[in-house]
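What follows is the content of input22.csv (CSV, N, CA and C atoms).
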```csv
chain,number,residue,atom,x,y,z
A,22,MET,N,88.9,94.3,68.0
A,22,MET,CA,90.1,94.0,68.9
A,22,MET,C,89.9,94.6,70.3
A,23,LEU,N,89.4,95.8,70.4
A,23,LEU,CA,89.2,96.5,71.7
A,23,LEU,C,88.1,95.7,72.4
A,24,LYS,N,87.0,95.3,71.8
A,24,LYS,CA,85.9,94.6,72.4
A,24,LYS,C,86.5,93.3,73.0
A,25,ALA,N,87.3,92.5,72.3
A,25,ALA,CA,87.9,91.3,72.8
A,25,ALA,C,88.7,91.5,74.0
A,26,SER,N,89.5,92.6,73.9
A,26,SER,CA,90.4,93.0,75.1
A,26,SER,C,89.6,93.4,76.3
A,27,THR,N,88.5,94.1,76.0
A,27,THR,CA,87.7,94.6,77.1
A,27,THR,C,87.0,93.3,77.8
A,28,ASP,N,86.5,92.4,77.0
A,28,ASP,CA,85.8,91.2,77.5
A,28,ASP,C,86.8,90.4,78.3
A,29,LYS,N,88.0,90.2,77.8
A,29,LYS,CA,89.0,89.4,78.5
A,29,LYS,C,89.4,90.1,79.8
A,30,ASN,N,89.6,91.4,79.8
A,30,ASN,CA,89.9,92.1,81.1
A,30,ASN,C,88.7,92.0,82.1
A,31,LEU,N,87.5,92.2,81.6
A,31,LEU,CA,86.4,92.1,82.5
A,31,LEU,C,86.3,90.7,83.1
A,32,LYS,N,86.5,89.7,82.3
A,32,LYS,CA,86.5,88.3,82.8
A,32,LYS,C,87.6,88.1,83.9
A,33,ALA,N,88.8,88.6,83.6
A,33,ALA,CA,89.9,88.5,84.5
A,33,ALA,C,89.5,89.3,85.8
A,34,LEU,N,88.9,90.4,85.7
A,34,LEU,CA,88.5,91.2,86.9
A,34,LEU,C,87.5,90.4,87.8
A,35,LYS,N,86.5,89.8,87.1
A,35,LYS,CA,85.5,89.1,87.8
A,35,LYS,C,86.1,87.9,88.5
A,36,GLU,N,87.0,87.2,87.9
A,36,GLU,CA,87.7,86.1,88.5
A,36,GLU,C,88.5,86.5,89.7
A,37,ALA,N,89.2,87.6,89.5
A,37,ALA,CA,90.1,88.2,90.6
A,37,ALA,C,89.2,88.6,91.8
A,38,VAL,N,88.1,89.1,91.5
A,38,VAL,CA,87.2,89.5,92.6
A,38,VAL,C,86.7,88.3,93.4
A,39,ILE,N,86.4,87.2,92.8
A,39,ILE,CA,86.0,86.0,93.5
A,39,ILE,C,87.2,85.6,94.4
A,40,ARG,N,88.4,85.5,93.9
A,40,ARG,CA,89.5,85.1,94.7
A,40,ARG,C,89.8,86.1,95.8
A,41,ALA,N,89.8,87.4,95.5
A,41,ALA,CA,90.1,88.4,96.4
A,41,ALA,C,89.0,88.4,97.6
A,42,THR,N,87.8,88.1,97.3
A,42,THR,CA,86.7,88.0,98.3
A,42,THR,C,87.1,87.0,99.3
A,43,LEU,N,87.6,85.8,98.9
A,43,LEU,CA,88.0,84.8,99.9
A,43,LEU,C,89.1,85.3,100.7
A,44,LEU,N,90.1,85.9,100.1
A,44,LEU,CA,91.3,86.3,100.8
A,44,LEU,C,90.9,87.5,101.8
A,45,ALA,N,90.2,88.4,101.3
A,45,ALA,CA,89.8,89.5,102.2
A,45,ALA,C,88.9,89.0,103.3
A,46,GLY,N,88.1,88.0,103.1
A,46,GLY,CA,87.3,87.5,104.1
A,46,GLY,C,88.2,86.9,105.2
A,47,ASN,N,89.2,86.2,104.8
A,47,ASN,CA,90.2,85.6,105.8
A,47,ASN,C,90.8,86.7,106.7
A,48,TYR,N,91.3,87.8,106.0
A,48,TYR,CA,91.9,88.9,106.7
A,48,TYR,C,90.9,89.6,107.6
A,49,ALA,N,89.7,89.8,107.1
A,49,ALA,CA,88.7,90.5,107.9
A,49,ALA,C,88.3,89.7,109.2
A,50,ALA,N,88.2,88.4,109.0
A,50,ALA,CA,87.9,87.5,110.2
A,50,ALA,C,89.0,87.7,111.3
A,51,ARG,N,90.3,87.7,110.8
A,51,ARG,CA,91.4,87.8,111.8
A,51,ARG,C,91.3,89.2,112.5
A,52,LEU,N,91.0,90.2,111.7
A,52,LEU,CA,90.9,91.6,112.3
A,52,LEU,C,89.8,91.7,113.2
A,53,GLN,N,88.6,91.1,112.9
A,53,GLN,CA,87.5,91.1,113.8
A,53,GLN,C,87.7,90.4,115.1
A,54,GLU,N,88.5,89.3,115.0
A,54,GLU,CA,88.9,88.6,116.2
A,54,GLU,C,89.7,89.5,117.2
A,55,ARG,N,90.4,90.5,116.6
A,55,ARG,CA,91.1,91.5,117.4
A,55,ARG,C,90.3,92.7,117.7
A,56,ASN,N,89.0,92.6,117.5
A,56,ASN,CA,88.0,93.7,117.8
A,56,ASN,C,88.2,94.9,116.9
A,57,LEU,N,88.7,94.7,115.7
A,57,LEU,CA,88.7,95.8,114.7
A,57,LEU,C,87.5,95.8,113.9
A,58,LYS,N,86.9,96.9,113.6
A,58,LYS,CA,85.7,97.0,112.8
A,58,LYS,C,86.0,97.0,111.3
A,59,VAL,N,85.7,95.9,110.6
A,59,VAL,CA,85.9,95.9,109.2
A,59,VAL,C,84.7,95.3,108.5
A,60,ASP,N,84.5,95.6,107.3
A,60,ASP,CA,83.3,95.2,106.6
A,60,ASP,C,83.7,94.9,105.1
A,61,ILE,N,83.1,93.9,104.5
A,61,ILE,CA,83.4,93.7,103.1
A,61,ILE,C,82.1,93.8,102.3
A,62,GLN,N,82.2,94.5,101.2
A,62,GLN,CA,81.1,94.6,100.2
A,62,GLN,C,81.6,94.2,98.9
A,63,ASN,N,80.9,93.4,98.1
A,63,ASN,CA,81.3,93.0,96.8
A,63,ASN,C,80.2,92.8,95.8
A,64,SER,N,80.6,92.9,94.6
A,64,SER,CA,79.7,92.7,93.4
A,64,SER,C,80.5,91.8,92.5
A,65,ASP,N,79.9,91.6,91.3
A,65,ASP,CA,80.7,90.8,90.3
A,65,ASP,C,82.0,91.4,89.9
A,66,GLU,N,82.0,92.8,89.9
A,66,GLU,CA,83.1,93.5,89.3
A,66,GLU,C,83.9,94.3,90.3
A,67,SER,N,83.6,94.2,91.6
A,67,SER,CA,84.4,94.9,92.6
A,67,SER,C,84.3,94.3,94.0
A,68,ILE,N,85.3,94.5,94.8
A,68,ILE,CA,85.3,94.2,96.2
A,68,ILE,C,85.9,95.3,97.0
A,69,THR,N,85.2,95.7,98.1
A,69,THR,CA,85.7,96.8,99.0
A,69,THR,C,85.8,96.3,100.4
A,70,LEU,N,86.9,96.5,101.0
A,70,LEU,CA,87.1,96.2,102.4
A,70,LEU,C,87.1,97.6,103.1
A,71,SER,N,86.2,97.8,104.1
A,71,SER,CA,86.1,99.1,104.8
A,71,SER,C,86.6,98.8,106.2
A,72,SER,N,87.3,99.7,106.8
A,72,SER,CA,87.8,99.7,108.1
A,72,SER,C,87.4,101.0,108.8
A,73,THR,N,87.0,100.9,110.1
A,73,THR,CA,86.5,102.1,110.8
A,73,THR,C,87.2,102.2,112.1
A,74,TYR,N,87.6,103.5,112.4
A,74,TYR,CA,88.2,103.8,113.7
A,74,TYR,C,87.1,104.1,114.7
A,75,ARG,N,87.5,104.2,116.0
A,75,ARG,CA,86.6,104.6,117.0
A,75,ARG,C,85.9,105.9,116.8
A,76,ASP,N,86.7,106.9,116.3
A,76,ASP,CA,86.0,108.2,116.0
A,76,ASP,C,85.1,108.3,114.8
A,77,GLY,N,84.9,107.2,114.2
A,77,GLY,CA,84.1,107.1,113.0
A,77,GLY,C,84.8,107.3,111.7
A,78,SER,N,86.0,107.7,111.7
A,78,SER,CA,86.8,107.9,110.5
A,78,SER,C,86.9,106.5,109.8
A,79,HIS,N,87.1,106.4,108.6
A,79,HIS,CA,87.2,105.1,107.9
A,79,HIS,C,88.2,105.2,106.7
A,80,GLN,N,88.5,104.0,106.3
A,80,GLN,CA,89.3,103.8,105.1
A,80,GLN,C,88.7,102.7,104.3
A,81,THR,N,88.8,102.8,103.0
A,81,THR,CA,88.3,101.7,102.1
A,81,THR,C,89.4,101.3,101.1
A,82,PHE,N,89.3,100.0,100.8
A,82,PHE,CA,90.3,99.4,99.9
A,82,PHE,C,89.5,98.7,98.8
A,83,THR,N,89.5,99.1,97.6
A,83,THR,CA,88.6,98.5,96.5
A,83,THR,C,89.4,98.0,95.3
A,84,LEU,N,89.1,96.8,94.9
A,84,LEU,CA,89.6,96.3,93.6
A,84,LEU,C,88.4,96.4,92.7
A,85,GLY,N,88.5,97.1,91.6
A,85,GLY,CA,87.4,97.2,90.6
A,85,GLY,C,87.9,97.9,89.4
A,86,LYS,N,86.9,98.3,88.5
A,86,LYS,CA,87.2,99.0,87.3
A,86,LYS,C,87.8,100.4,87.6
A,87,THR,N,88.7,100.9,86.7
A,87,THR,CA,89.3,102.2,86.9
A,87,THR,C,88.7,103.1,85.9
A,88,SER,N,89.1,104.4,85.9
A,88,SER,CA,88.7,105.3,85.0
A,88,SER,C,89.3,105.1,83.6
A,89,ARG,N,90.3,104.3,83.5
A,89,ARG,CA,90.9,104.0,82.2
A,89,ARG,C,90.1,102.9,81.6
A,90,GLU,N,89.7,103.1,80.4
A,90,GLU,CA,88.8,102.1,79.7
A,90,GLU,C,89.4,100.7,79.7
A,91,ASN,N,88.6,99.8,80.0
A,91,ASN,CA,88.8,98.3,80.0
A,91,ASN,C,89.9,97.9,80.9
A,92,LEU,N,90.3,98.7,81.9
A,92,LEU,CA,91.4,98.2,82.9
A,92,LEU,C,90.8,98.2,84.3
A,93,PHE,N,91.5,97.6,85.2
A,93,PHE,CA,91.1,97.6,86.6
A,93,PHE,C,92.2,97.8,87.5
A,94,GLY,N,91.9,98.1,88.8
A,94,GLY,CA,93.0,98.5,89.7
A,94,GLY,C,92.5,98.6,91.1
A,95,ILE,N,93.3,99.1,92.0
A,95,ILE,CA,93.1,99.2,93.4
A,95,ILE,C,93.0,100.6,93.8
A,96,THR,N,91.9,101.0,94.5
A,96,THR,CA,91.7,102.3,95.0
A,96,THR,C,91.6,102.3,96.5
A,97,VAL,N,92.3,103.3,97.1
A,97,VAL,CA,92.2,103.5,98.6
A,97,VAL,C,91.6,104.8,98.9
A,98,GLU,N,90.6,104.8,99.7
A,98,GLU,CA,90.0,106.0,100.2
A,98,GLU,C,90.3,106.2,101.6
A,99,ASP,N,90.8,107.3,102.0
A,99,ASP,CA,91.4,107.6,103.3
A,99,ASP,C,90.9,108.9,103.9
A,100,ILE,N,91.1,109.1,105.1
A,100,ILE,CA,90.9,110.4,105.8
A,100,ILE,C,92.3,110.9,106.2
A,101,ASP,N,92.6,112.1,105.7
A,101,ASP,CA,93.9,112.7,106.0
A,101,ASP,C,93.9,113.4,107.4
A,102,ASN,N,95.0,114.0,107.8
A,102,ASN,CA,95.1,114.6,109.1
A,102,ASN,C,94.2,115.7,109.3
A,103,ASN,N,93.7,116.3,108.2
A,103,ASN,CA,92.7,117.5,108.3
A,103,ASN,C,91.3,117.0,108.3
A,104,GLY,N,91.1,115.7,108.2
A,104,GLY,CA,89.7,115.2,108.1
A,104,GLY,C,89.1,115.1,106.7
A,105,ASP,N,89.9,115.4,105.7
A,105,ASP,CA,89.5,115.4,104.4
A,105,ASP,C,89.6,114.0,103.8
A,106,ILE,N,88.7,113.7,102.9
A,106,ILE,CA,88.8,112.4,102.2
A,106,ILE,C,89.8,112.5,101.1
A,107,VAL,N,90.7,111.5,101.0
A,107,VAL,CA,91.7,111.4,100.0
A,107,VAL,C,91.6,110.1,99.3
A,108,ILE,N,91.5,110.2,97.9
A,108,ILE,CA,91.3,109.0,97.2
A,108,ILE,C,92.6,108.7,96.4
A,109,SER,N,93.2,107.6,96.6
A,109,SER,CA,94.5,107.2,95.9
A,109,SER,C,94.2,106.2,94.8
A,110,LEU,N,94.5,106.6,93.6
A,110,LEU,CA,94.4,105.7,92.5
A,110,LEU,C,95.6,106.1,91.6
A,111,ASP,N,96.6,105.3,91.6
A,111,ASP,CA,97.8,105.6,90.8
A,111,ASP,C,97.5,105.0,89.4
A,112,ASP,N,97.3,105.9,88.4
A,112,ASP,CA,97.1,105.5,87.0
A,112,ASP,C,98.1,104.6,86.5
A,113,SER,N,99.3,104.6,87.0
A,113,SER,CA,100.4,103.8,86.5
A,113,SER,C,100.2,102.3,87.0
A,114,HIS,N,99.2,102.1,87.9
A,114,HIS,CA,98.9,100.8,88.4
A,114,HIS,C,97.6,100.3,88.0
A,115,ASN,N,97.2,100.4,86.7
A,115,ASN,CA,96.0,99.9,86.1
A,115,ASN,C,96.4,98.5,85.6
A,116,TYR,N,95.6,97.5,85.7
A,116,TYR,CA,95.9,96.2,85.3
A,116,TYR,C,95.0,95.7,84.2
A,117,SER,N,95.5,94.7,83.4
A,117,SER,CA,94.8,94.0,82.4
A,117,SER,C,94.9,92.5,82.8
A,118,SER,N,94.2,91.7,82.0
A,118,SER,CA,94.3,90.3,82.2
A,118,SER,C,95.8,89.8,82.2
A,119,GLU,N,96.6,90.4,81.4
A,119,GLU,CA,98.0,90.0,81.3
A,119,GLU,C,98.9,90.5,82.4
A,120,SER,N,98.6,91.6,83.0
A,120,SER,CA,99.5,92.2,84.0
A,120,SER,C,99.0,91.9,85.4
A,121,TRP,N,97.8,91.4,85.6
A,121,TRP,CA,97.3,91.1,87.0
A,121,TRP,C,97.8,89.8,87.6
A,122,GLY,N,98.1,89.8,88.8
A,122,GLY,CA,98.4,88.6,89.6
A,122,GLY,C,97.8,88.8,91.0
A,123,ASP,N,97.3,87.7,91.6
A,123,ASP,CA,96.6,87.8,92.9
A,123,ASP,C,97.6,88.3,94.0
A,124,GLY,N,98.9,88.1,93.8
A,124,GLY,CA,99.8,88.6,94.8
A,124,GLY,C,99.8,90.1,94.9
A,125,ILE,N,99.4,90.8,93.8
A,125,ILE,CA,99.3,92.2,93.8
A,125,ILE,C,98.3,92.7,94.9
A,126,TYR,N,97.1,92.0,94.8
A,126,TYR,CA,96.0,92.3,95.7
A,126,TYR,C,96.5,92.1,97.2
A,127,GLU,N,97.0,90.9,97.4
A,127,GLU,CA,97.4,90.6,98.8
A,127,GLU,C,98.4,91.5,99.4
A,128,LYS,N,99.4,91.9,98.5
A,128,LYS,CA,100.5,92.8,99.0
A,128,LYS,C,99.9,94.2,99.3
A,129,GLN,N,99.0,94.7,98.5
A,129,GLN,CA,98.4,96.0,98.7
A,129,GLN,C,97.4,95.9,99.9
A,130,LEU,N,96.7,94.8,100.0
A,130,LEU,CA,95.8,94.6,101.2
A,130,LEU,C,96.6,94.7,102.5
A,131,ARG,N,97.7,94.0,102.5
A,131,ARG,CA,98.5,93.9,103.8
A,131,ARG,C,99.0,95.3,104.1
A,132,LYS,N,99.4,96.1,103.1
A,132,LYS,CA,99.9,97.5,103.3
A,132,LYS,C,98.7,98.3,103.8
A,133,PHE,N,97.5,98.2,103.3
A,133,PHE,CA,96.4,98.9,103.7
A,133,PHE,C,96.1,98.6,105.2
A,134,ILE,N,96.1,97.4,105.6
A,134,ILE,CA,95.8,97.0,107.0
A,134,ILE,C,96.9,97.6,107.9
A,135,GLU,N,98.2,97.5,107.5
A,135,GLU,CA,99.3,98.0,108.3
A,135,GLU,C,99.1,99.5,108.5
A,136,ASP,N,98.8,100.2,107.4
A,136,ASP,CA,98.5,101.7,107.5
A,136,ASP,C,97.4,102.0,108.4
A,137,PHE,N,96.3,101.2,108.3
A,137,PHE,CA,95.1,101.4,109.1
A,137,PHE,C,95.5,101.3,110.6
A,138,ILE,N,96.2,100.2,110.9
A,138,ILE,CA,96.6,100.0,112.3
A,138,ILE,C,97.6,101.1,112.8
A,139,SER,N,98.5,101.5,112.0
A,139,SER,CA,99.5,102.5,112.4
A,139,SER,C,98.8,103.9,112.7
A,140,TYR,N,97.7,104.2,112.0
A,140,TYR,CA,97.1,105.5,112.2
A,140,TYR,C,95.9,105.5,113.3
A,141,ALA,N,95.7,104.3,113.9
A,141,ALA,CA,94.6,104.2,114.9
A,141,ALA,C,94.7,105.2,116.0
A,142,GLU,N,95.9,105.4,116.5
A,142,GLU,CA,96.0,106.3,117.7
A,142,GLU,C,95.5,107.7,117.4
A,143,ARG,N,95.7,108.2,116.1
A,143,ARG,CA,95.3,109.5,115.7
A,143,ARG,C,93.7,109.6,115.7
A,144,HIS,N,93.1,108.4,115.6
A,144,HIS,CA,91.6,108.4,115.5
A,144,HIS,C,90.9,107.8,116.7
A,145,GLY,N,91.6,107.8,117.8
A,145,GLY,CA,91.0,107.3,119.1
A,145,GLY,C,91.0,105.8,119.2
A,146,GLY,N,91.8,105.1,118.4
A,146,GLY,CA,91.8,103.7,118.5
A,146,GLY,C,90.8,103.0,117.6
A,147,PHE,N,90.6,101.8,117.9
A,147,PHE,CA,89.7,101.0,117.0
A,147,PHE,C,88.3,101.0,117.5
```

Would you encode the structure as structure tokens?
Amino acid sequence: MLKASTDKNLKALKEAVIRATLLAGNYAARLQERNLKVDIQNSDESITLSSTYRDGSHQTFTLGKTSRENLFGITVEDIDNNGDIVISLDDSHNYSSESWGDGIYEKQLRKFIEDFISYAERHGGF
């Protein structure tokens, strides 16, 4: 039973990554048109959008496997006001094939971009 569930969730993650890559690519292109430095890296099981400020600080937004066995989720890596790296992974937001919807990714991606833009001044701009 666990193997079947794991296989189903891995398949759902791989399919979600394909769709998220297209969506993230569209957002990245629009941000790059505005001279924001963004980059996308992906594999079969994850996609990461990285954004970089003028001072070299960066943020990353990743859809991929989580520490919880056979589940996946969104992780945000950020630089706090002290220059320390902060990783946000809310264990209550781990997803399976049954609980995932692509709207979750887009909603969280939009929030990530809004946060990135709102903190730009603290980091010398884009």

- For Glu66 of chain A, the nearest of the candidates A:Asp99, A:Glu36, A:Glu135, A:Asp105, counting only N, CA and C atoms: A:Glu36

- Query: Residues at most 6 Å from Val59 of chain A, counting all atoms listed in the file, excluding those fewer than 3 positions away in the same chain, as number ranges by chain?
  - Reply: A: 71-73

- Task: Write out as number ranges by chain all residues of chain A that backbone DSSP assigns to strand (DSSP E or B).
- Result: A: 58-63, 68-73, 79-86, 93-100, 106-109, 116

- Message: Could you check the closest approach to Phe147 of chain A for each of A:Asn30, A:Thr69, A:Gln62, A:Ser78 and tell me which residue wins, using only C-alpha atoms?
- Response: A:Ser78

- Note on the structure: With distances taken over all atoms listed in the file, the candidate from A:Leu31, A:Ser117, A:Tyr74, A:Gly46 nearest Lys58 of chain A is A:Tyr74

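All protein, DNA and RNA residues at most 8 Å from (88.8, 102.9, 119.4) are Tyr74, Arg75, Asp76, Ala141, His144, Gly145, Gly146 and Phe147 of chain A, using only C-alpha atoms.
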